[in-house]
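Asker: Got a file for you: upload-v8.csv, CSV, C-alpha atoms.
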```csv
chain,number,residue,atom,x,y,z
A,1,MET,CA,0.0,0.0,0.0
A,2,SER,CA,2.8,2.4,0.9
A,3,ASP,CA,4.4,1.8,-2.5
A,4,PHE,CA,1.1,2.5,-4.3
A,5,LEU,CA,0.6,5.7,-2.3
A,6,TYR,CA,4.1,6.8,-3.2
A,7,LYS,CA,3.4,6.3,-6.9
A,8,LEU,CA,0.0,8.1,-6.6
A,9,LYS,CA,1.7,11.1,-5.0
A,10,ARG,CA,4.0,11.4,-8.0
A,11,VAL,CA,1.1,11.5,-10.5
A,12,LYS,CA,1.0,15.0,-12.0
A,13,LEU,CA,-2.0,17.1,-12.7
A,14,SER,CA,-1.1,16.9,-16.4
A,15,ASP,CA,-1.6,13.1,-16.2
A,16,TYR,CA,-5.1,13.5,-14.8
A,17,LEU,CA,-5.9,16.0,-17.6
A,18,GLN,CA,-5.0,13.3,-20.2
A,19,ILE,CA,-7.5,10.7,-19.0
A,20,TRP,CA,-10.2,11.9,-21.5
A,21,LYS,CA,-8.0,10.5,-24.3
A,22,LEU,CA,-8.5,6.9,-23.1
A,23,PRO,CA,-12.3,6.6,-23.7
A,24,VAL,CA,-12.0,8.7,-26.9
A,25,SER,CA,-9.3,6.3,-28.2
A,26,ILE,CA,-10.9,2.9,-27.6
A,27,ILE,CA,-13.3,2.8,-30.6
A,28,PRO,CA,-10.9,4.3,-33.2
A,29,ALA,CA,-8.2,1.9,-31.9
A,30,ALA,CA,-10.5,-1.1,-32.5
A,31,PHE,CA,-11.1,0.0,-36.1
A,32,TYR,CA,-7.4,0.9,-36.6
A,33,LYS,CA,-6.4,-2.6,-35.5
A,34,LEU,CA,-8.7,-4.2,-38.1
A,35,ILE,CA,-6.9,-2.5,-40.9
A,36,ASN,CA,-3.4,-2.5,-39.4
A,37,LYS,CA,-2.7,-6.2,-38.6
A,38,ASP,CA,0.3,-6.9,-36.3
A,39,LEU,CA,1.3,-3.3,-35.8
A,40,TRP,CA,4.5,-2.8,-33.8
A,41,ILE,CA,4.9,0.5,-32.0
A,42,ILE,CA,8.5,1.5,-31.1
A,43,CYS,CA,10.0,4.3,-29.0
A,44,GLU,CA,12.5,5.6,-26.6
A,45,ASP,CA,12.3,8.8,-24.6
A,46,ALA,CA,9.8,11.1,-26.2
A,47,ASN,CA,12.5,13.4,-27.7
A,48,GLU,CA,15.1,10.8,-28.7
A,49,ALA,CA,15.9,8.3,-31.4
A,50,ARG,CA,19.5,7.2,-30.7
A,51,ASP,CA,19.2,4.2,-28.5
A,52,ASN,CA,18.0,0.5,-28.8
A,53,GLY,CA,14.6,1.6,-30.0
A,54,TYR,CA,16.0,3.6,-32.9
A,55,TRP,CA,18.4,0.8,-34.0
A,56,MET,CA,15.5,-1.7,-33.8
A,57,PHE,CA,13.3,0.5,-35.9
A,58,LYS,CA,16.1,1.1,-38.4
A,59,TYR,CA,16.8,-2.7,-38.7
A,60,ILE,CA,13.2,-3.5,-39.3
A,61,ARG,CA,12.7,-0.8,-41.9
A,62,GLU,CA,15.9,-1.9,-43.8
A,63,ASN,CA,15.6,-5.7,-43.4
A,64,HIS,CA,11.9,-6.4,-42.9
A,65,PRO,CA,10.0,-3.6,-44.7
A,66,GLU,CA,6.9,-5.9,-44.8
A,67,GLN,CA,6.6,-5.5,-41.0
A,68,ASN,CA,4.0,-2.9,-40.1
A,69,CYS,CA,5.7,-0.6,-37.5
A,70,VAL,CA,5.6,3.0,-36.4
A,71,TYR,CA,8.0,5.1,-34.2
A,72,ALA,CA,6.6,7.4,-31.6
A,73,ILE,CA,8.6,10.6,-31.2
A,74,LYS,CA,8.1,14.4,-30.7
A,75,LYS,CA,8.2,16.3,-34.0
A,76,ALA,CA,10.3,19.0,-32.1
A,77,SER,CA,13.0,16.4,-31.4
A,78,PRO,CA,16.3,16.9,-33.1
A,79,ASP,CA,16.2,13.2,-34.1
A,80,TYR,CA,12.7,13.4,-35.7
A,81,HIS,CA,13.8,13.7,-39.3
A,82,LYS,CA,16.2,10.8,-39.3
A,83,VAL,CA,13.4,8.5,-38.0
A,84,HIS,CA,10.8,10.0,-40.4
A,85,GLU,CA,13.0,9.3,-43.3
A,86,LEU,CA,13.0,5.6,-42.4
A,87,GLY,CA,9.3,5.0,-42.0
A,88,LYS,CA,6.0,6.0,-40.2
A,89,THR,CA,6.1,8.1,-37.1
A,90,VAL,CA,3.5,9.3,-34.7
A,91,GLU,CA,3.6,12.4,-32.4
A,92,TYR,CA,4.5,11.2,-28.9
A,93,GLY,CA,1.7,11.7,-26.5
A,94,SER,CA,-0.9,12.8,-29.1
A,95,LEU,CA,-4.4,11.3,-29.4
A,96,ASN,CA,-3.1,9.4,-32.5
A,97,HIS,CA,-0.4,7.9,-30.3
A,98,TRP,CA,-3.0,6.7,-27.9
A,99,ILE,CA,-5.0,5.1,-30.7
A,100,GLN,CA,-2.0,3.4,-32.3
A,101,TYR,CA,-0.6,2.3,-29.0
A,102,LEU,CA,-3.9,0.6,-28.1
A,103,ALA,CA,-4.2,-0.9,-31.6
A,104,SER,CA,-0.7,-2.3,-31.7
A,105,SER,CA,0.1,-6.0,-31.2
A,106,LYS,CA,3.6,-5.4,-29.9
A,107,LYS,CA,4.8,-2.4,-27.8
A,108,ILE,CA,8.6,-2.1,-28.0
A,109,SER,CA,10.6,0.4,-26.0
A,110,SER,CA,14.0,1.1,-24.5
A,111,GLN,CA,12.2,2.9,-21.6
A,112,LYS,CA,10.2,1.1,-18.9
A,113,ALA,CA,7.0,3.0,-19.8
A,114,GLY,CA,7.2,3.6,-23.6
A,115,ASN,CA,3.5,4.6,-23.8
A,116,PRO,CA,1.6,7.9,-24.3
A,117,ASN,CA,1.1,8.4,-20.5
A,118,ALA,CA,3.1,6.6,-17.9
A,119,ALA,CA,0.7,7.0,-15.0
A,120,ILE,CA,-2.5,5.9,-16.8
A,121,PHE,CA,-0.9,3.0,-18.7
A,122,TYR,CA,0.9,1.8,-15.6
A,123,ALA,CA,-2.5,1.2,-14.0
A,124,LEU,CA,-3.9,-0.4,-17.1
A,125,GLU,CA,-1.0,-2.7,-17.8
A,126,VAL,CA,0.5,-3.6,-14.4
A,127,PHE,CA,-3.0,-4.3,-12.9
A,128,GLY,CA,-3.9,-6.5,-15.8
A,129,ILE,CA,-6.7,-4.3,-17.3
A,130,LEU,CA,-4.8,-3.9,-20.6
A,131,LYS,CA,-3.4,-7.3,-21.6
A,132,ASP,CA,-0.7,-6.6,-24.2
A,133,LYS,CA,2.7,-7.8,-25.4
A,134,ARG,CA,5.4,-5.4,-24.3
A,135,VAL,CA,9.1,-5.8,-25.1
A,136,PHE,CA,11.6,-4.0,-22.9
A,137,LEU,CA,14.8,-3.3,-25.0
A,138,GLN,CA,16.4,-1.5,-22.0
A,139,HIS,CA,18.3,1.8,-21.9
A,140,GLY,CA,21.4,0.3,-20.3
A,141,ILE,CA,22.8,-2.9,-18.8
A,142,THR,CA,21.0,-3.5,-15.5
A,143,ILE,CA,23.9,-3.5,-13.0
A,144,ASN,CA,22.0,-2.6,-9.8
A,145,ASP,CA,19.1,-4.0,-7.9
A,146,ALA,CA,16.5,-2.1,-9.8
A,147,LYS,CA,13.3,-3.0,-8.0
A,148,TRP,CA,11.2,-0.9,-10.3
A,149,LEU,CA,12.1,-3.4,-13.1
A,150,TYR,CA,10.8,-6.4,-11.2
A,151,TYR,CA,8.1,-8.3,-13.0
A,152,SER,CA,5.5,-7.3,-10.3
A,153,THR,CA,6.0,-3.7,-11.3
A,154,THR,CA,6.3,-4.0,-15.1
A,155,LYS,CA,4.5,-7.2,-16.3
A,156,MET,CA,6.8,-7.1,-19.3
A,157,THR,CA,6.4,-9.9,-21.8
A,158,ARG,CA,10.0,-9.9,-22.8
A,159,PHE,CA,13.0,-8.4,-21.0
A,160,ILE,CA,16.1,-8.0,-23.4
A,161,CYS,CA,19.5,-8.3,-21.8
A,162,GLY,CA,22.9,-7.1,-23.1
A,163,ALA,CA,25.3,-9.2,-21.1
A,164,PHE,CA,25.3,-12.8,-19.9
A,165,PRO,CA,25.8,-12.2,-16.1
A,166,GLU,CA,23.0,-9.6,-16.2
A,167,PHE,CA,20.7,-12.1,-17.9
A,168,GLU,CA,21.4,-14.7,-15.2
A,169,TYR,CA,20.9,-12.1,-12.4
A,170,ILE,CA,17.6,-10.8,-13.8
A,171,LYS,CA,16.2,-14.2,-14.5
A,172,GLU,CA,17.0,-15.3,-11.0
A,173,LYS,CA,16.2,-12.2,-9.0
A,174,PHE,CA,13.5,-10.1,-10.8
A,175,GLY,CA,10.6,-12.7,-10.7
A,176,TYR,CA,9.9,-13.0,-14.5
A,177,PRO,CA,8.1,-16.1,-15.7
A,178,GLU,CA,10.3,-18.7,-17.5
A,179,GLY,CA,11.2,-17.5,-21.0
A,180,ASN,CA,10.4,-13.8,-20.5
A,181,VAL,CA,14.0,-12.8,-20.0
A,182,LYS,CA,16.2,-13.1,-23.1
A,183,TYR,CA,19.9,-12.7,-23.7
A,184,THR,CA,20.3,-11.4,-27.3
A,185,GLY,CA,22.7,-8.4,-26.9
A,186,PHE,CA,21.5,-4.8,-27.3
A,187,CYS,CA,20.4,-3.5,-30.7
A,188,ARG,CA,22.8,-0.6,-30.4
A,189,PHE,CA,25.8,-3.0,-29.9
A,190,ASP,CA,25.6,-3.8,-33.6
A,191,ARG,CA,27.2,-0.4,-34.3
A,192,LEU,CA,30.0,-0.8,-31.8
A,193,HIS,CA,32.2,-3.0,-34.0
A,194,ASP,CA,33.1,-0.5,-36.6
A,195,TYR,CA,34.8,2.5,-35.1
A,196,LYS,CA,38.1,4.4,-35.1
A,197,ALA,CA,39.1,5.8,-31.7
A,198,ASP,CA,40.8,9.2,-31.4
A,199,GLU,CA,43.8,8.7,-29.1
A,200,ASN,CA,43.5,12.4,-28.1
A,201,LEU,CA,39.9,12.2,-26.8
A,202,ILE,CA,38.9,11.5,-23.1
A,203,LEU,CA,35.2,11.2,-22.4
A,204,ILE,CA,33.8,12.2,-19.0
A,205,MET,CA,30.3,10.9,-18.6
A,206,PRO,CA,28.7,10.7,-15.1
A,207,THR,CA,25.2,9.5,-14.5
A,208,TRP,CA,22.3,11.4,-12.8
A,209,ARG,CA,21.3,11.7,-9.2
A,210,GLU,CA,17.6,10.9,-8.6
A,211,TRP,CA,17.3,13.0,-5.5
A,212,ILE,CA,18.4,16.0,-7.4
A,213,ALA,CA,16.9,15.4,-10.8
A,214,ASP,CA,13.4,14.7,-9.4
A,215,GLU,CA,13.4,17.9,-7.4
A,216,ASP,CA,11.1,16.4,-4.7
A,217,TYR,CA,11.2,16.2,-0.9
A,218,ARG,CA,14.2,13.8,-1.0
A,219,LEU,CA,16.6,16.6,-1.9
A,220,GLN,CA,16.3,18.0,1.6
A,221,GLU,CA,16.5,14.6,3.1
A,222,TYR,CA,19.7,13.6,1.4
A,223,GLU,CA,21.6,16.9,1.0
A,224,GLY,CA,20.1,19.4,3.3
A,225,THR,CA,19.8,22.0,0.6
A,226,THR,CA,17.6,23.1,-2.2
A,227,ASP,CA,20.3,25.1,-3.9
A,228,ILE,CA,21.4,22.9,-6.8
A,229,PRO,CA,24.9,24.2,-7.2
A,230,LYS,CA,25.7,23.5,-3.6
A,231,THR,CA,24.8,19.8,-3.8
A,232,ASN,CA,27.7,17.4,-3.5
A,233,TYR,CA,27.2,16.2,-7.1
A,234,PHE,CA,27.8,19.7,-8.5
A,235,VAL,CA,30.5,20.7,-6.1
A,236,GLN,CA,32.6,17.5,-6.7
A,237,TRP,CA,32.2,17.5,-10.5
A,238,THR,CA,32.9,21.3,-10.7
A,239,GLU,CA,36.1,20.8,-8.7
A,240,PHE,CA,37.1,17.9,-10.9
A,241,LEU,CA,36.6,19.8,-14.2
A,242,HIS,CA,38.3,22.9,-12.8
A,243,ASP,CA,41.3,20.9,-11.5
A,244,PRO,CA,44.6,22.2,-13.0
A,245,LYS,CA,45.5,18.6,-13.9
A,246,ILE,CA,43.0,18.8,-16.8
A,247,GLN,CA,45.1,21.5,-18.4
A,248,GLU,CA,48.3,19.9,-17.5
A,249,LEU,CA,47.4,16.6,-19.1
A,250,ALA,CA,46.0,18.4,-22.2
A,251,GLU,CA,49.1,20.4,-22.8
A,252,LYS,CA,51.6,17.6,-21.9
A,253,TYR,CA,49.9,14.8,-24.0
A,254,LYS,CA,47.8,16.8,-26.5
A,255,VAL,CA,44.6,15.2,-25.3
A,256,LYS,CA,41.2,16.9,-25.1
A,257,PHE,CA,38.3,16.2,-22.7
A,258,ILE,CA,34.6,16.2,-23.4
A,259,PHE,CA,32.2,16.3,-20.4
A,260,PHE,CA,28.8,14.9,-21.2
A,261,PRO,CA,26.3,14.9,-18.3
A,262,HIS,CA,23.4,12.5,-18.1
A,263,ARG,CA,20.3,13.7,-19.9
A,264,ASN,CA,18.3,13.9,-16.7
A,265,MET,CA,20.9,16.4,-15.4
A,266,GLN,CA,21.1,18.5,-18.6
A,267,LYS,CA,18.2,20.7,-17.5
A,268,TYR,CA,20.8,22.2,-15.2
A,269,GLN,CA,23.1,23.3,-18.0
A,270,GLU,CA,23.6,26.7,-16.4
A,271,TYR,CA,25.2,25.2,-13.3
A,272,PHE,CA,27.9,23.1,-15.1
A,273,PRO,CA,31.3,24.7,-15.9
A,274,LYS,CA,31.7,26.4,-19.2
A,275,SER,CA,33.8,25.0,-22.0
A,276,THR,CA,37.5,25.8,-22.2
A,277,GLU,CA,40.3,25.3,-24.6
A,278,TYR,CA,40.9,21.9,-23.1
A,279,LEU,CA,37.5,20.8,-22.0
A,280,GLN,CA,34.3,20.7,-24.1
A,281,VAL,CA,31.0,20.7,-22.1
A,282,ALA,CA,28.6,18.9,-24.4
A,283,PHE,CA,24.8,18.3,-24.4
A,284,ASN,CA,22.3,16.2,-26.3
A,285,SER,CA,21.7,19.0,-28.8
A,286,ASP,CA,25.4,19.0,-29.7
A,287,TYR,CA,26.4,15.4,-29.8
A,288,ASP,CA,25.2,11.8,-30.2
A,289,ILE,CA,26.3,9.7,-27.3
A,290,GLN,CA,27.2,6.6,-29.3
A,291,ASP,CA,29.3,8.6,-31.7
A,292,LEU,CA,31.2,10.2,-28.7
A,293,MET,CA,31.8,6.8,-27.2
A,294,LYS,CA,33.1,5.3,-30.5
A,295,ARG,CA,35.5,8.3,-30.9
A,296,ALA,CA,36.8,8.4,-27.3
A,297,SER,CA,39.8,6.3,-26.2
A,298,LEU,CA,39.0,6.3,-22.5
A,299,MET,CA,35.9,7.0,-20.4
A,300,ILE,CA,35.7,8.4,-16.8
A,301,THR,CA,32.3,7.8,-15.3
A,302,ASP,CA,30.8,7.3,-11.8
A,303,TYR,CA,28.0,4.7,-12.0
A,304,SER,CA,26.6,5.0,-15.5
A,305,SER,CA,25.7,1.7,-17.1
A,306,VAL,CA,26.9,3.2,-20.4
A,307,CYS,CA,30.3,2.0,-19.2
A,308,PHE,CA,29.3,-1.4,-20.5
A,309,ASP,CA,29.0,0.0,-24.1
A,310,PHE,CA,32.6,1.3,-23.6
A,311,PHE,CA,33.6,-2.0,-22.2
A,312,TYR,CA,32.0,-3.8,-25.1
A,313,MET,CA,34.4,-1.9,-27.4
A,314,LYS,CA,37.3,-3.1,-25.2
A,315,LYS,CA,38.3,0.4,-24.2
A,316,PRO,CA,39.6,1.4,-20.7
A,317,LEU,CA,37.4,2.9,-18.0
A,318,ILE,CA,37.9,4.6,-14.7
A,319,PHE,CA,35.1,5.0,-12.0
A,320,TYR,CA,35.1,8.2,-10.0
A,321,GLN,CA,32.8,7.5,-7.1
A,322,PHE,CA,33.0,10.3,-4.5
A,323,ASP,CA,29.5,9.6,-3.1
A,324,TYR,CA,29.3,5.8,-3.2
A,325,GLU,CA,27.4,5.3,0.1
A,326,GLN,CA,25.0,8.2,-0.7
A,327,PHE,CA,24.4,6.8,-4.1
A,328,ARG,CA,23.6,3.3,-2.7
A,329,LYS,CA,21.2,4.8,-0.1
A,330,GLY,CA,19.5,7.3,-2.4
A,331,GLN,CA,19.3,5.7,-5.8
A,332,TYR,CA,20.4,2.2,-6.7
A,333,GLY,CA,21.0,-0.8,-4.4
A,334,GLN,CA,23.8,-3.3,-4.9
A,335,GLY,CA,23.2,-5.7,-7.7
A,336,ALA,CA,25.2,-8.4,-9.4
A,337,PHE,CA,27.9,-6.0,-10.6
A,338,ASP,CA,30.4,-4.7,-8.1
A,339,TYR,CA,32.0,-1.4,-9.0
A,340,LYS,CA,34.8,-1.9,-6.6
A,341,ASN,CA,35.7,-5.5,-7.5
A,342,ASN,CA,35.5,-6.3,-11.2
A,343,GLY,CA,37.9,-7.2,-13.9
A,344,PHE,CA,37.8,-4.1,-16.1
A,345,ALA,CA,37.8,-0.9,-14.1
A,346,HIS,CA,39.1,0.5,-10.8
A,347,SER,CA,37.0,2.7,-8.5
A,348,TYR,CA,38.3,5.8,-6.8
A,349,GLU,CA,36.9,8.3,-4.3
A,350,LYS,CA,39.5,11.0,-4.8
A,351,LYS,CA,40.1,12.8,-8.1
A,352,GLU,CA,43.9,12.7,-7.6
A,353,ASP,CA,43.7,8.9,-7.9
A,354,VAL,CA,41.6,9.2,-11.1
A,355,PHE,CA,44.1,11.6,-12.7
A,356,LYS,CA,47.0,9.3,-11.7
A,357,GLU,CA,45.5,6.2,-13.4
A,358,LEU,CA,44.4,8.4,-16.4
A,359,GLU,CA,48.0,9.5,-17.0
A,360,GLU,CA,49.2,5.9,-16.8
A,361,TYR,CA,46.7,4.9,-19.5
A,362,ILE,CA,47.7,7.8,-21.7
A,363,GLN,CA,51.4,6.9,-21.4
A,364,ASN,CA,50.5,3.3,-22.2
A,365,HIS,CA,48.4,4.3,-25.3
A,366,PHE,CA,45.2,3.1,-23.6
A,367,LYS,CA,46.2,-0.6,-23.6
A,368,VAL,CA,43.9,-2.8,-21.5
A,369,SER,CA,45.1,-5.8,-19.4
A,370,GLU,CA,44.7,-9.5,-19.9
A,371,GLU,CA,42.3,-9.6,-16.9
A,372,TYR,CA,40.2,-7.0,-18.7
A,373,LEU,CA,39.9,-9.1,-21.9
A,374,GLU,CA,39.1,-12.2,-19.8
A,375,GLU,CA,36.3,-10.4,-18.1
A,376,HIS,CA,35.0,-9.2,-21.5
A,377,GLN,CA,34.6,-12.8,-22.6
A,378,LYS,CA,32.6,-13.6,-19.5
A,379,GLN,CA,30.3,-10.6,-19.8
A,380,PHE,CA,29.7,-10.8,-23.6
A,381,THR,CA,29.4,-14.5,-24.5
A,382,ILE,CA,27.6,-13.2,-27.6
A,383,TYR,CA,29.9,-10.8,-29.4
A,384,ASP,CA,28.9,-10.0,-33.0
A,385,ASP,CA,26.8,-7.5,-35.0
A,386,HIS,CA,23.6,-9.6,-35.2
A,387,ASN,CA,21.9,-8.3,-32.1
A,388,CYS,CA,19.1,-6.6,-33.9
A,389,GLU,CA,18.4,-9.8,-35.8
A,390,ARG,CA,18.1,-11.8,-32.6
A,391,VAL,CA,15.9,-9.2,-30.9
A,392,TYR,CA,13.6,-9.2,-34.0
A,393,ASP,CA,13.3,-13.0,-33.9
A,394,VAL,CA,12.4,-12.8,-30.2
A,395,ILE,CA,9.6,-10.3,-30.9
A,396,LYS,CA,8.4,-12.2,-34.0
A,397,GLU,CA,8.0,-15.3,-31.9
A,398,LEU,CA,5.5,-13.7,-29.6
```
Let me see whether you can do it: turn the structure in this file into structure tokens.
Answerer:
Amino acid sequence: MSDFLYKLKRVKLSDYLQIWKLPVSIIPAAFYKLINKDLWIICEDANEARDNGYWMFKYIRENHPEQNCVYAIKKASPDYHKVHELGKTVEYGSLNHWIQYLASSKKISSQKAGNPNAAIFYALEVFGILKDKRVFLQHGITINDAKWLYYSTTKMTRFICGAFPEFEYIKEKFGYPEGNVKYTGFCRFDRLHDYKADENLILIMPTWREWIADEDYRLQEYEGTTDIPKTNYFVQWTEFLHDPKIQELAEKYKVKFIFFPHRNMQKYQEYFPKSTEYLQVAFNSDYDIQDLMKRASLMITDYSSVCFDFFYMKKPLIFYQFDYEQFRKGQYGQGAFDYKNNGFAHSYEKKEDVFKELEEYIQNHFKVSEEYLEEHQKQFTIYDDHNCERVYDVIKEL
């Protein structure tokens, strides 16, 4: 009951104002379904097409054009035109989106929700009112104990995994029926085999902080402040990016740094440091994340699961975790993956230790260890560019 009340408290007025679309959509959806057999609706975040959803849609349009599918995205998105050129699109959240979502036989998304209205469809789908076939492509490897992804809170028909230990962990821990969890590799991994790294580029890419990004009562509980720039996250990353070692390494080894904050933190652009000659502060409107990762030779992150994309490409990583206990308490509990004890990246609480290992990697031309390569084989027992094909087959079998 407490969990339900917590979710109810987070329902916004705008969600209630959307309820009228449900009864209005039902009859048109029934007719739409009659003339659009086996319609697949695909999406990511409302404003993006650069993750597993986009690569799945692109694969289908190029390899199975006979499959009836549509991509839901905002027309104002910078990614809209590249999707529209591939095939049919629908305005995310529109009445037409509601109609096509209800009419579709398969709902495919890299986000947990992936529907026109998260609050309303959560009630319809999780409580069994709307019985549909939903495929969760994931936004990143599940490396923590993500209780909101348990079967009891998603009722997902298929849960796609990108790494083998992740697959075993979710299958055992998350309560999905036998056969619901599949290890195929991520769709976006198909594009991580063909790249040319720039030995001069270092990518700094921290994840978000839920208690800051959500801007709710937990901010005061965890940090004792409502002044965003004074939160530990912003203080620590600002000090890291302003550290003289950045300029020293850039001048000594001719390297350049790109700082790319998580999309949930990018609404705070004004609080991040400004770009310098040695450090480019980048946002979604400027760069594509996958292109950045393919170009970079080394990644510094804190807890972002995107580290596994970098690991997939056999590139070196460093974890900078100045708030480990706070992160575990306030955001993600310990899962199968251990940041502090793994075969491919060291974890540090002090920026001085990060810079020290970074310089060692630069001097060694970013070469990884044998232990790293052994861990890679354990994580990615499937390692090829046929991930989209396997995911397509899983969906087609439903």
Asker: At most 10 Å from (24.1, 9.1, -24.3), file frame, only C-alpha atoms: which residues, as an MDAnalysis selection string?
Answerer: chainID A and resid 50:51 139 205 207 260:263 283:284 287:293 306
Asker: Contacts of Leu249 of chain A at 10 Å or less, counting all atoms listed in the file, minus same-chain residues fewer than 3 places along, as a VMD selection string?
Answerer: chain A and resid 244 to 246 252 to 257 278 355 358 to 359 362
Asker: Can you tell me which residues surround Thr89 of chain A at a distance of at most 6 Å, considering only C-alpha atoms, apart from same-chain residues fewer than 5 positions away, and format the answer as a PyMOL selection string?
Answerer: chain A and resi 70-72
Asker: Env of Ala113 of chain A: 10 Å cut, atoms = only C-alpha atoms, seq-sep filter 2 positions within chain, self excluded. Answer as a PDB file with C-alpha atoms, in the coordinates of the input.
Answerer:
```pdb
ATOM      1  CA  CYS A  43      10.000   4.300 -29.000  1.00  0.00           C
ATOM      2  CA  GLU A  44      12.500   5.600 -26.600  1.00  0.00           C
ATOM      3  CA  ASP A  45      12.300   8.800 -24.600  1.00  0.00           C
ATOM      4  CA  LYS A 107       4.800  -2.400 -27.800  1.00  0.00           C
ATOM      5  CA  ILE A 108       8.600  -2.100 -28.000  1.00  0.00           C
ATOM      6  CA  SER A 109      10.600   0.400 -26.000  1.00  0.00           C
ATOM      7  CA  SER A 110      14.000   1.100 -24.500  1.00  0.00           C
ATOM      8  CA  GLN A 111      12.200   2.900 -21.600  1.00  0.00           C
ATOM      9  CA  ASN A 115       3.500   4.600 -23.800  1.00  0.00           C
ATOM     10  CA  PRO A 116       1.600   7.900 -24.300  1.00  0.00           C
ATOM     11  CA  ASN A 117       1.100   8.400 -20.500  1.00  0.00           C
ATOM     12  CA  ALA A 118       3.100   6.600 -17.900  1.00  0.00           C
ATOM     13  CA  ALA A 119       0.700   7.000 -15.000  1.00  0.00           C
ATOM     14  CA  PHE A 121      -0.900   3.000 -18.700  1.00  0.00           C
ATOM     15  CA  TYR A 122       0.900   1.800 -15.600  1.00  0.00           C
ATOM     16  CA  ARG A 134       5.400  -5.400 -24.300  1.00  0.00           C
ATOM     17  CA  PHE A 136      11.600  -4.000 -22.900  1.00  0.00           C
ATOM     18  CA  THR A 154       6.300  -4.000 -15.100  1.00  0.00           C
TER      19      THR A 154
END
```
Asker: As an exercise, work out the distance from atom CA of Gly330 of chain A to atom CA of His346 of chain A in Å and give it to one decimal place.
Answerer: 22.4 Å
Asker: Counting only C-alpha atoms, figure out which residue out of A:Tyr151, A:Trp40, A:Tyr32, A:Tyr233 gets nearest to Leu398 of chain A.
Answerer: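 Nearest candidate to Leu398 of chain A out of A:Tyr151, A:Trp40, A:Tyr32, A:Tyr233: A:Trp40.
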Asker: Choose the residue, out of A:Tyr176, A:Tyr303, A:Phe164, A:Trp237, that has the smallest atom-to-atom separation from Trp208 of chain A; count only C-alpha atoms.
Answerer: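 Smallest distance to Trp208 of chain A is found for A:Tyr303.
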Asker: Identify which of the residues A:Pro78, A:Phe319, A:Lys350, A:Gly333 lies closest to Glu239 of chain A, counting all atoms listed in the file when measuring atom-to-atom distances.
Answerer: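 Distance minimum relative to Glu239 of chain A lands on A:Lys350.
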Asker: For Arg209 of chain A, find every residue with an atom within 8 Å (counting all atoms listed in the file), except residues of its own chain fewer than 2 positions away, and show them as a VMD selection string.
Answerer: chain A and resid 207 211 to 213 233 265 327 331
Asker: Taking into account only C-alpha atoms, which residue in the set A:Ile99, A:Asn52, A:Lys131, A:Lys33 is nearest to Lys21 of chain A?
Answerer: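 Checking each candidate against Lys21 of chain A, we get A:Ile99 as the closest.
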Asker: If we draw a sphere of 6 Å around (2.5, -3.9, -18.1), which residues have at least one atom in it when counting all atoms listed in the file? Please report them as a list in words.
Answerer: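 Selection result: Glu125, Val126, Thr154, Lys155 and Met156 of chain A.
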Asker: Can you pull out every residue within 10 Å of Glu357 of chain A, counting only C-alpha atoms, but drop anything in the same chain fewer than 6 positions away, and send it as a list in words?
Answerer: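 Here the answer would be Leu317, Ile318, His346, Tyr348 and Gln363 of chain A.
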Asker: Create the file for the chosen residues now, containing C-alpha atoms and written as a compact mmCIF listing (two decimals), in the frame of the given file.
Answerer:
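As a result, result-v6.txt now contains:
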```txt
# COMPACT_ATOMS: atom_id res chain seq x y z
CA LEU A 317 37.40 2.90 -18.00
CA ILE A 318 37.90 4.60 -14.70
CA HIS A 346 39.10 0.50 -10.80
CA TYR A 348 38.30 5.80 -6.80
CA GLN A 363 51.40 6.90 -21.40
```
Asker: Using atom CA of Leu39 of chain A and atom CA of His64 of chain A as the two end points, give the distance in Å to one decimal.
Answerer: 13.1 Å
Asker: Between atom CA of Ile35 of chain A and atom CA of Leu17 of chain A, what distance in Å does the model show, to one decimal?
Answerer: 29.8 Å
